[in-house]
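Data from model-v8.txt: compact mmCIF, C-alpha atoms and all ligand atoms
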```txt
# COMPACT_ATOMS: atom_id res chain seq x y z
CA MET V 547 -28.72 -39.94 24.24
CA THR V 548 -31.96 -40.03 22.20
CA SER V 549 -31.66 -41.75 18.87
CA PHE V 550 -33.36 -40.20 15.83
CA ASN V 551 -34.47 -42.05 12.71
CA PRO V 552 -33.67 -40.60 9.24
CA GLU V 553 -37.13 -38.99 8.85
CA GLU V 554 -36.87 -37.26 12.23
CA ILE V 555 -33.41 -35.97 11.39
CA GLN V 556 -34.58 -34.62 8.02
CA LYS V 557 -37.52 -32.86 9.64
CA ARG V 558 -35.37 -31.43 12.39
CA LEU V 559 -32.87 -30.02 9.91
CA SER V 560 -35.64 -28.88 7.46
CA LEU V 561 -34.19 -30.95 4.64
CA PRO V 562 -36.08 -31.89 1.47
CA ALA V 563 -38.15 -35.08 1.81
CA ASP V 564 -36.48 -36.74 -1.20
CA LEU V 565 -33.09 -36.73 0.48
CA ARG V 566 -31.88 -40.24 1.30
CA LEU V 567 -29.53 -40.02 4.23
CA PRO V 568 -26.92 -42.80 4.09
CA VAL V 569 -27.06 -45.16 7.12
CA SER V 570 -23.48 -44.25 8.05
CA VAL V 571 -24.46 -40.57 8.20
CA VAL V 572 -27.54 -41.26 10.36
CA ASP V 573 -25.34 -43.27 12.78
CA LYS V 574 -22.71 -40.57 12.86
CA LEU V 575 -25.27 -37.80 13.43
CA ASN V 576 -26.83 -39.78 16.26
CA ARG V 577 -23.44 -39.98 17.92
CA THR V 578 -22.81 -36.21 17.70
CA PRO V 579 -23.95 -34.26 20.75
CA THR V 580 -25.29 -31.35 18.62
CA LEU V 581 -28.34 -33.32 17.49
CA ASP V 582 -29.58 -33.67 21.06
CA GLN V 583 -29.32 -29.98 21.84
CA PRO V 584 -31.68 -27.18 20.86
CA LEU V 585 -31.14 -26.47 17.19
CA THR V 586 -29.05 -23.33 16.78
CA ARG V 587 -27.73 -22.03 13.46
CA LYS V 588 -24.30 -23.35 14.38
CA ASN V 589 -25.60 -26.82 15.29
CA ARG V 590 -27.60 -27.00 12.10
CA ARG V 591 -24.60 -26.01 10.04
CA ALA V 592 -22.43 -28.65 11.77
CA SER V 593 -25.05 -31.34 11.11
CA LEU V 594 -25.44 -30.31 7.46
CA SER V 595 -21.70 -30.57 7.03
CA GLU V 596 -21.75 -34.08 8.57
CA ILE V 597 -24.36 -35.06 5.98
CA GLY V 598 -22.15 -33.83 3.14
CA PHE V 599 -23.53 -30.40 2.28
CA GLY V 600 -20.91 -27.86 1.26
CA LYS V 601 -18.52 -30.57 0.07
CA LEU V 602 -17.41 -31.28 -3.49
CA GLU V 603 -17.28 -35.08 -2.84
CA THR V 604 -21.08 -35.09 -2.45
CA TYR V 605 -21.52 -34.32 -6.16
CA GLU V 606 -20.37 -36.33 -9.14
CA LYS V 607 -19.48 -34.06 -12.07
CA LEU V 608 -20.87 -35.13 -15.46
CA ASP V 609 -21.12 -33.34 -18.84
CA LYS V 610 -20.88 -29.62 -19.57
CA LEU V 611 -24.22 -27.80 -19.96
CA GLY V 612 -23.23 -24.25 -20.71
CA GLU V 613 -20.64 -21.58 -20.43
CA GLY V 614 -21.14 -17.93 -19.59
CA THR V 615 -18.77 -15.05 -19.05
CA TYR V 616 -17.73 -15.92 -15.54
CA ALA V 617 -19.12 -19.38 -14.93
CA THR V 618 -19.22 -22.86 -16.41
CA VAL V 619 -22.24 -25.04 -15.74
CA PHE V 620 -22.00 -28.83 -15.55
CA ARG V 621 -24.58 -31.51 -15.07
CA GLY V 622 -23.88 -33.41 -11.86
CA ARG V 623 -25.39 -36.05 -9.62
CA SER V 624 -25.96 -35.74 -5.91
CA ILE V 625 -24.75 -38.78 -3.97
CA LEU V 626 -27.34 -37.99 -1.29
CA THR V 627 -30.43 -38.03 -3.51
CA ASN V 628 -29.06 -39.80 -6.60
CA LYS V 629 -30.71 -37.00 -8.62
CA PHE V 630 -29.22 -34.76 -11.26
CA VAL V 631 -28.10 -31.29 -10.21
CA ALA V 632 -26.54 -28.38 -12.10
CA LEU V 633 -23.10 -27.33 -10.85
CA LYS V 634 -22.31 -23.69 -11.64
CA GLU V 635 -18.57 -23.24 -11.20
CA ILE V 636 -17.29 -19.73 -10.69
CA ARG V 637 -13.54 -19.27 -10.89
CA LEU V 638 -12.17 -17.15 -8.09
CA GLU V 639 -9.39 -14.78 -9.07
CA GLN V 640 -6.60 -14.92 -6.51
CA LYS V 641 -6.50 -11.18 -5.85
CA GLU V 642 -10.12 -10.17 -6.19
CA GLY V 643 -11.89 -12.98 -4.32
CA ALA V 644 -15.48 -13.82 -5.26
CA PRO V 645 -16.84 -11.70 -8.15
CA CYS V 646 -19.72 -9.42 -7.19
CA THR V 647 -22.01 -11.27 -9.63
CA ALA V 648 -21.53 -14.46 -7.59
CA ILE V 649 -22.10 -12.69 -4.30
CA ARG V 650 -25.30 -11.15 -5.64
CA GLU V 651 -26.54 -14.42 -7.07
CA VAL V 652 -25.99 -16.31 -3.81
CA SER V 653 -27.28 -13.68 -1.43
CA LEU V 654 -30.46 -13.01 -3.41
CA LEU V 655 -31.29 -16.58 -4.42
CA ARG V 656 -30.89 -17.93 -0.89
CA ASN V 657 -34.03 -16.08 0.09
CA LEU V 658 -36.14 -17.00 -2.93
CA ARG V 659 -38.26 -20.15 -3.00
CA HIS V 660 -40.82 -20.44 -5.74
CA ALA V 661 -41.84 -22.98 -8.38
CA ASN V 662 -40.85 -20.50 -11.11
CA VAL V 663 -37.42 -19.65 -9.67
CA VAL V 664 -34.56 -22.15 -9.93
CA THR V 665 -33.75 -23.66 -6.50
CA LEU V 666 -30.29 -23.22 -5.03
CA HIS V 667 -29.52 -26.41 -3.08
CA ASP V 668 -25.98 -25.96 -1.87
CA ILE V 669 -22.89 -23.74 -2.00
CA ILE V 670 -19.34 -25.10 -2.04
CA HIS V 671 -16.41 -22.82 -1.43
CA THR V 672 -12.86 -23.94 -2.16
CA ASP V 673 -9.67 -21.93 -2.75
CA ARG V 674 -10.11 -21.51 -6.49
CA LEU V 675 -13.77 -22.24 -7.11
CA LEU V 676 -17.18 -21.27 -5.86
CA THR V 677 -19.70 -23.94 -6.90
CA LEU V 678 -23.41 -23.24 -6.75
CA VAL V 679 -25.53 -26.40 -6.75
CA PHE V 680 -28.91 -25.94 -8.42
CA GLU V 681 -31.83 -28.21 -9.17
CA TYR V 682 -31.25 -29.66 -12.65
CA VAL V 683 -33.54 -28.42 -15.39
CA ASP V 684 -33.69 -30.12 -18.80
CA ARG V 685 -33.04 -27.17 -21.09
CA ASP V 686 -33.14 -23.40 -21.41
CA LEU V 687 -35.68 -21.50 -23.49
CA LYS V 688 -33.10 -20.80 -26.24
CA GLN V 689 -32.50 -24.54 -26.70
CA TYR V 690 -36.26 -25.15 -26.55
CA MET V 691 -36.92 -22.57 -29.27
CA ASP V 692 -34.17 -24.04 -31.46
CA THR V 693 -35.85 -27.45 -31.34
CA CYS V 694 -39.19 -26.06 -32.56
CA ASN V 695 -37.67 -23.97 -35.39
CA ASN V 696 -38.64 -20.75 -33.60
CA SER V 697 -42.33 -21.36 -34.20
CA MET V 698 -43.74 -22.03 -30.79
CA ASN V 699 -47.25 -23.20 -30.22
CA MET V 700 -49.48 -20.29 -29.09
CA ASN V 701 -50.71 -22.18 -26.06
CA ASN V 702 -47.13 -22.88 -24.89
CA ILE V 703 -46.21 -19.21 -25.35
CA ARG V 704 -49.14 -18.35 -23.10
CA LEU V 705 -48.10 -20.91 -20.47
CA PHE V 706 -44.47 -19.78 -20.49
CA LEU V 707 -45.37 -16.10 -20.31
CA PHE V 708 -47.75 -16.71 -17.41
CA GLN V 709 -45.03 -18.55 -15.47
CA LEU V 710 -42.41 -15.93 -16.33
CA LEU V 711 -44.66 -13.18 -14.95
CA ARG V 712 -45.60 -15.23 -11.87
CA GLY V 713 -41.90 -15.83 -11.06
CA LEU V 714 -41.07 -12.16 -11.65
CA SER V 715 -43.97 -10.99 -9.54
CA TYR V 716 -42.69 -13.18 -6.68
CA CYS V 717 -39.18 -11.67 -7.03
CA HIS V 718 -40.54 -8.12 -7.16
CA GLN V 719 -42.65 -8.69 -4.05
CA ARG V 720 -39.38 -9.55 -2.34
CA ARG V 721 -37.75 -6.46 -3.85
CA VAL V 722 -35.43 -8.40 -6.15
CA LEU V 723 -34.96 -7.16 -9.72
CA HIS V 724 -33.63 -9.81 -12.14
CA ARG V 725 -32.34 -7.42 -14.85
CA ASP V 726 -31.10 -10.07 -17.28
CA LEU V 727 -34.16 -11.77 -18.72
CA LYS V 728 -33.37 -13.61 -21.95
CA PRO V 729 -34.07 -17.11 -23.29
CA GLN V 730 -30.68 -18.47 -22.08
CA ASN V 731 -31.58 -17.52 -18.50
CA LEU V 732 -35.07 -19.07 -18.49
CA LEU V 733 -35.05 -22.80 -17.84
CA ILE V 734 -37.76 -25.18 -19.09
CA THR V 735 -38.42 -28.54 -17.42
CA ALA V 736 -39.61 -31.64 -19.29
CA LYS V 737 -43.09 -30.97 -17.86
CA GLY V 738 -43.14 -27.46 -19.35
CA GLU V 739 -42.44 -25.54 -16.15
CA LEU V 740 -40.48 -22.31 -16.57
CA LYS V 741 -37.91 -21.22 -13.99
CA LEU V 742 -36.02 -17.94 -13.76
CA ALA V 743 -32.26 -18.52 -13.50
CA ASP V 744 -28.96 -16.59 -13.51
CA PHE V 745 -29.38 -13.95 -10.83
CA GLY V 746 -25.81 -12.70 -11.45
CA LEU V 747 -27.01 -9.26 -12.55
CA ALA V 748 -29.93 -9.09 -10.13
CA ARG V 749 -30.05 -6.62 -7.31
CA ALA V 750 -32.16 -5.72 -4.34
CA LYS V 751 -34.32 -2.66 -4.83
CA SER V 752 -33.48 -0.22 -2.08
CA VAL V 753 -33.99 3.52 -1.68
CA PRO V 754 -36.30 4.57 -4.54
CA THR V 755 -34.35 7.73 -5.42
CA LYS V 756 -31.05 5.94 -5.89
CA THR V 757 -30.01 5.60 -9.52
CA TYR V 758 -29.03 2.23 -10.92
CA SER V 759 -26.31 1.49 -13.45
CA ASN V 760 -27.75 1.47 -16.97
CA GLU V 761 -25.62 -1.24 -18.61
CA VAL V 762 -27.99 -4.00 -17.52
CA VAL V 763 -30.38 -5.64 -19.93
CA THR V 764 -33.96 -5.69 -18.71
P1 LIG M 1 -23.91 -17.26 -16.74
O1 LIG M 1 -24.08 -16.35 -15.57
O2 LIG M 1 -22.47 -17.56 -16.99
O3 LIG M 1 -24.68 -16.79 -17.95
P2 LIG M 1 -26.04 -19.20 -16.26
O4 LIG M 1 -26.49 -19.38 -14.85
O5 LIG M 1 -26.91 -18.38 -17.15
O6 LIG M 1 -24.52 -18.65 -16.26
O7 LIG M 1 -25.82 -20.64 -16.90
C1 LIG M 1 -25.28 -20.80 -18.23
C2 LIG M 1 -26.11 -21.84 -18.99
O8 LIG M 1 -26.07 -23.10 -18.31
C3 LIG M 1 -27.61 -21.50 -19.10
O9 LIG M 1 -27.85 -20.66 -20.22
C4 LIG M 1 -28.24 -22.88 -19.23
O10 LIG M 1 -28.17 -23.34 -20.58
C5 LIG M 1 -27.33 -23.77 -18.38
N1 LIG M 1 -27.90 -23.90 -17.01
C6 LIG M 1 -27.82 -23.01 -16.01
N2 LIG M 1 -28.45 -23.43 -14.90
C7 LIG M 1 -28.97 -24.64 -15.20
C8 LIG M 1 -29.75 -25.62 -14.47
N3 LIG M 1 -30.12 -25.38 -13.22
N4 LIG M 1 -30.10 -26.75 -15.11
C9 LIG M 1 -29.72 -26.95 -16.39
N5 LIG M 1 -29.00 -26.10 -17.12
C10 LIG M 1 -28.62 -24.95 -16.56
MG MG M 2 -26.77 -16.63 -18.22
```

Here is a file; write its structure as structure tokens.
Amino acid sequence: MTSFNPEEIQKRLSLPADLRLPVSVVDKLNRTPTLDQPLTRKNRRASLSEIGFGKLETYEKLDKLGEGTYATVFRGRSILTNKFVALKEIRLEQKEGAPCTAIREVSLLRNLRHANVVTLHDIIHTDRLLTLVFEYVDRDLKQYMDTCNNSMNMNNIRLFLFQLLRGLSYCHQRRVLHRDLKPQNLLITAKGELKLADFGLARAKSVPTKTYSNEVVT
């Protein structure tokens, strides 16, 4: 059986370069027959699960960052990268299963990759909880505005607006409408990058004549 080094494995599974695969995982993966075979969806999924994706144990839960109507967001740390992540926990009602907001958020965000859209790293499904693992961003625009007494520097307003429109334009090109733009759903990194977040009310734009519900925000 061919033996792969960590870099080769990461490339083969299209994993982010900053991921540090533990030695034990590299050994284990090299002993599984799936790594030697042509990479199918199923093989890839099996290998990702070996690495620790899709498992709660891979993430250490830290302090609470925010609470919305159907989700609670915690700061966490990934054991694989040692980096902060945001864990968005969605409670699953026994009878109803996953709320449609969660299904929308996952299905739309999975296909979006852009510097101005928050990155979804992982999805963990247990009996009572659906946890979405996002890149960690330092604060949202509401918190940012509170720290500058609501008088933002004109240059920063320009930079934020430009990034907001660039992120939206990317979503619209992919026929995704966000529909809930507000400061709490726009995340701001320490470097001043803006990222669209909370795609719970978003939807795919389909047949142009179809009417949409009007209780959404933007
Ligand atoms: P809800 O759908 O319940 O409104 P959000 O996705 O908007 O949930 O998250 C609620 C709050 O948690 C946000 O307003 C923000 O303050 C914080 N938050 C969400 N995602 C992140 C993230 N990736 N990094 C840091 N904080 C986040
Ligand atoms: Mg929100």

task: Give the residue list for ligand LIG 1 (chain M) at 10 Å, counting only C-alpha atoms and all ligand atoms, as a count of residues only, sorted by chain and then by residue number.
output: 56

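For the choices V:His660, V:Lys588, V:Arg749, V:His724, the atom-to-atom distance to ligand MG 2 (chain M) is smallest for V:His724 when using only C-alpha atoms and all ligand atoms.
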
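A straight line drawn from atom CA of Gly738 of chain V to atom CA of Thr627 of chain V is 22.9 Å long.
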
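With only C-alpha atoms as the atoms that count, the minimum distance from Gln709 of chain V to the choices V:Leu575, V:Ile555, V:Ala661, V:Val652 is reached by V:Ala661.
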
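Candidate residues V:Gly643, V:Val569, V:Arg558, V:Cys694 were compared for distance to Gln583 of chain V, and the nearest is V:Arg558, using all atoms listed in the file.
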
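Atom CA of Ala644 of chain V to atom CA of Ala750 of chain V spans 18.6 Å [interatomic distance, one decimal].
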
Assuming the input is short of atoms at segment 716-727 of chain V, produce all heavy atoms for that part as a short mmCIF file (atom, residue, chain, number, x, y, z; two decimals), keeping the file's coordinate frame.
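Wrote it out as selection09.cif, contents follow:
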```cif
data_model
loop_
_atom_site.label_atom_id
_atom_site.label_comp_id
_atom_site.auth_asym_id
_atom_site.auth_seq_id
_atom_site.Cartn_x
_atom_site.Cartn_y
_atom_site.Cartn_z
N TYR V 716 -43.20 -12.69 -7.97
CA TYR V 716 -42.69 -13.18 -6.68
C TYR V 716 -41.39 -12.47 -6.32
O TYR V 716 -41.22 -11.99 -5.19
CB TYR V 716 -42.47 -14.69 -6.75
CG TYR V 716 -41.75 -15.26 -5.57
CD1 TYR V 716 -42.43 -15.57 -4.39
CD2 TYR V 716 -40.37 -15.47 -5.60
CE1 TYR V 716 -41.76 -16.08 -3.29
CE2 TYR V 716 -39.69 -15.97 -4.51
CZ TYR V 716 -40.39 -16.27 -3.36
OH TYR V 716 -39.71 -16.76 -2.28
N CYS V 717 -40.47 -12.35 -7.29
CA CYS V 717 -39.18 -11.67 -7.03
C CYS V 717 -39.42 -10.21 -6.66
O CYS V 717 -38.82 -9.70 -5.72
CB CYS V 717 -38.27 -11.73 -8.25
SG CYS V 717 -37.73 -13.38 -8.67
N HIS V 718 -40.31 -9.55 -7.41
CA HIS V 718 -40.54 -8.12 -7.16
C HIS V 718 -41.18 -7.89 -5.80
O HIS V 718 -40.87 -6.91 -5.13
CB HIS V 718 -41.39 -7.53 -8.28
CG HIS V 718 -40.65 -7.48 -9.60
ND1 HIS V 718 -41.22 -7.08 -10.78
CD2 HIS V 718 -39.37 -7.81 -9.90
CE1 HIS V 718 -40.32 -7.15 -11.75
NE2 HIS V 718 -39.19 -7.61 -11.23
N GLN V 719 -42.06 -8.82 -5.39
CA GLN V 719 -42.65 -8.69 -4.05
C GLN V 719 -41.58 -8.74 -2.98
O GLN V 719 -41.71 -8.15 -1.92
CB GLN V 719 -43.65 -9.81 -3.79
CG GLN V 719 -45.03 -9.53 -4.35
CD GLN V 719 -45.85 -10.80 -4.42
OE1 GLN V 719 -45.67 -11.71 -3.61
NE2 GLN V 719 -46.73 -10.88 -5.39
N ARG V 720 -40.51 -9.48 -3.29
CA ARG V 720 -39.38 -9.55 -2.34
C ARG V 720 -38.30 -8.54 -2.68
O ARG V 720 -37.17 -8.65 -2.25
CB ARG V 720 -38.80 -10.97 -2.34
CG ARG V 720 -39.55 -11.80 -1.35
CD ARG V 720 -39.54 -13.25 -1.63
NE ARG V 720 -40.56 -13.87 -0.80
CZ ARG V 720 -41.85 -13.82 -1.06
NH1 ARG V 720 -42.31 -13.19 -2.13
NH2 ARG V 720 -42.72 -14.38 -0.25
N ARG V 721 -38.64 -7.57 -3.49
CA ARG V 721 -37.75 -6.46 -3.85
C ARG V 721 -36.49 -6.91 -4.57
O ARG V 721 -35.42 -6.35 -4.36
CB ARG V 721 -37.40 -5.62 -2.62
CG ARG V 721 -38.63 -5.13 -1.87
CD ARG V 721 -38.29 -4.08 -0.86
NE ARG V 721 -39.33 -3.05 -0.89
CZ ARG V 721 -39.21 -1.89 -1.50
NH1 ARG V 721 -38.11 -1.59 -2.13
NH2 ARG V 721 -40.18 -1.03 -1.50
N VAL V 722 -36.60 -7.96 -5.37
CA VAL V 722 -35.43 -8.40 -6.15
C VAL V 722 -35.73 -8.15 -7.63
O VAL V 722 -36.76 -8.57 -8.14
CB VAL V 722 -35.14 -9.91 -5.92
CG1 VAL V 722 -34.07 -10.41 -6.88
CG2 VAL V 722 -34.70 -10.15 -4.48
N LEU V 723 -34.82 -7.42 -8.29
CA LEU V 723 -34.96 -7.16 -9.72
C LEU V 723 -34.00 -8.09 -10.45
O LEU V 723 -32.82 -8.16 -10.12
CB LEU V 723 -34.58 -5.71 -10.03
CG LEU V 723 -35.27 -4.62 -9.20
CD1 LEU V 723 -34.67 -3.26 -9.53
CD2 LEU V 723 -36.76 -4.61 -9.44
N HIS V 724 -34.48 -8.83 -11.46
CA HIS V 724 -33.63 -9.81 -12.14
C HIS V 724 -32.64 -9.13 -13.10
O HIS V 724 -31.46 -9.39 -13.08
CB HIS V 724 -34.51 -10.81 -12.90
CG HIS V 724 -33.73 -11.93 -13.52
ND1 HIS V 724 -33.02 -11.74 -14.68
CD2 HIS V 724 -33.52 -13.21 -13.16
CE1 HIS V 724 -32.40 -12.88 -15.00
NE2 HIS V 724 -32.69 -13.78 -14.08
N ARG V 725 -33.12 -8.28 -13.95
CA ARG V 725 -32.34 -7.42 -14.85
C ARG V 725 -31.57 -8.13 -15.96
O ARG V 725 -30.73 -7.52 -16.61
CB ARG V 725 -31.36 -6.53 -14.05
CG ARG V 725 -32.01 -5.80 -12.88
CD ARG V 725 -31.20 -4.62 -12.43
NE ARG V 725 -29.86 -4.98 -12.04
CZ ARG V 725 -28.95 -4.09 -11.66
NH1 ARG V 725 -29.25 -2.81 -11.68
NH2 ARG V 725 -27.75 -4.46 -11.31
N ASP V 726 -31.80 -9.41 -16.17
CA ASP V 726 -31.10 -10.07 -17.28
C ASP V 726 -31.99 -11.16 -17.87
O ASP V 726 -31.58 -12.31 -18.03
CB ASP V 726 -29.77 -10.67 -16.76
CG ASP V 726 -28.81 -11.02 -17.89
OD1 ASP V 726 -29.06 -10.61 -19.04
OD2 ASP V 726 -27.81 -11.71 -17.61
N LEU V 727 -33.22 -10.78 -18.20
CA LEU V 727 -34.16 -11.77 -18.72
C LEU V 727 -33.89 -12.00 -20.19
O LEU V 727 -33.91 -11.06 -21.00
CB LEU V 727 -35.60 -11.27 -18.53
CG LEU V 727 -36.02 -11.13 -17.07
CD1 LEU V 727 -37.33 -10.38 -16.97
CD2 LEU V 727 -36.11 -12.49 -16.41
#
```
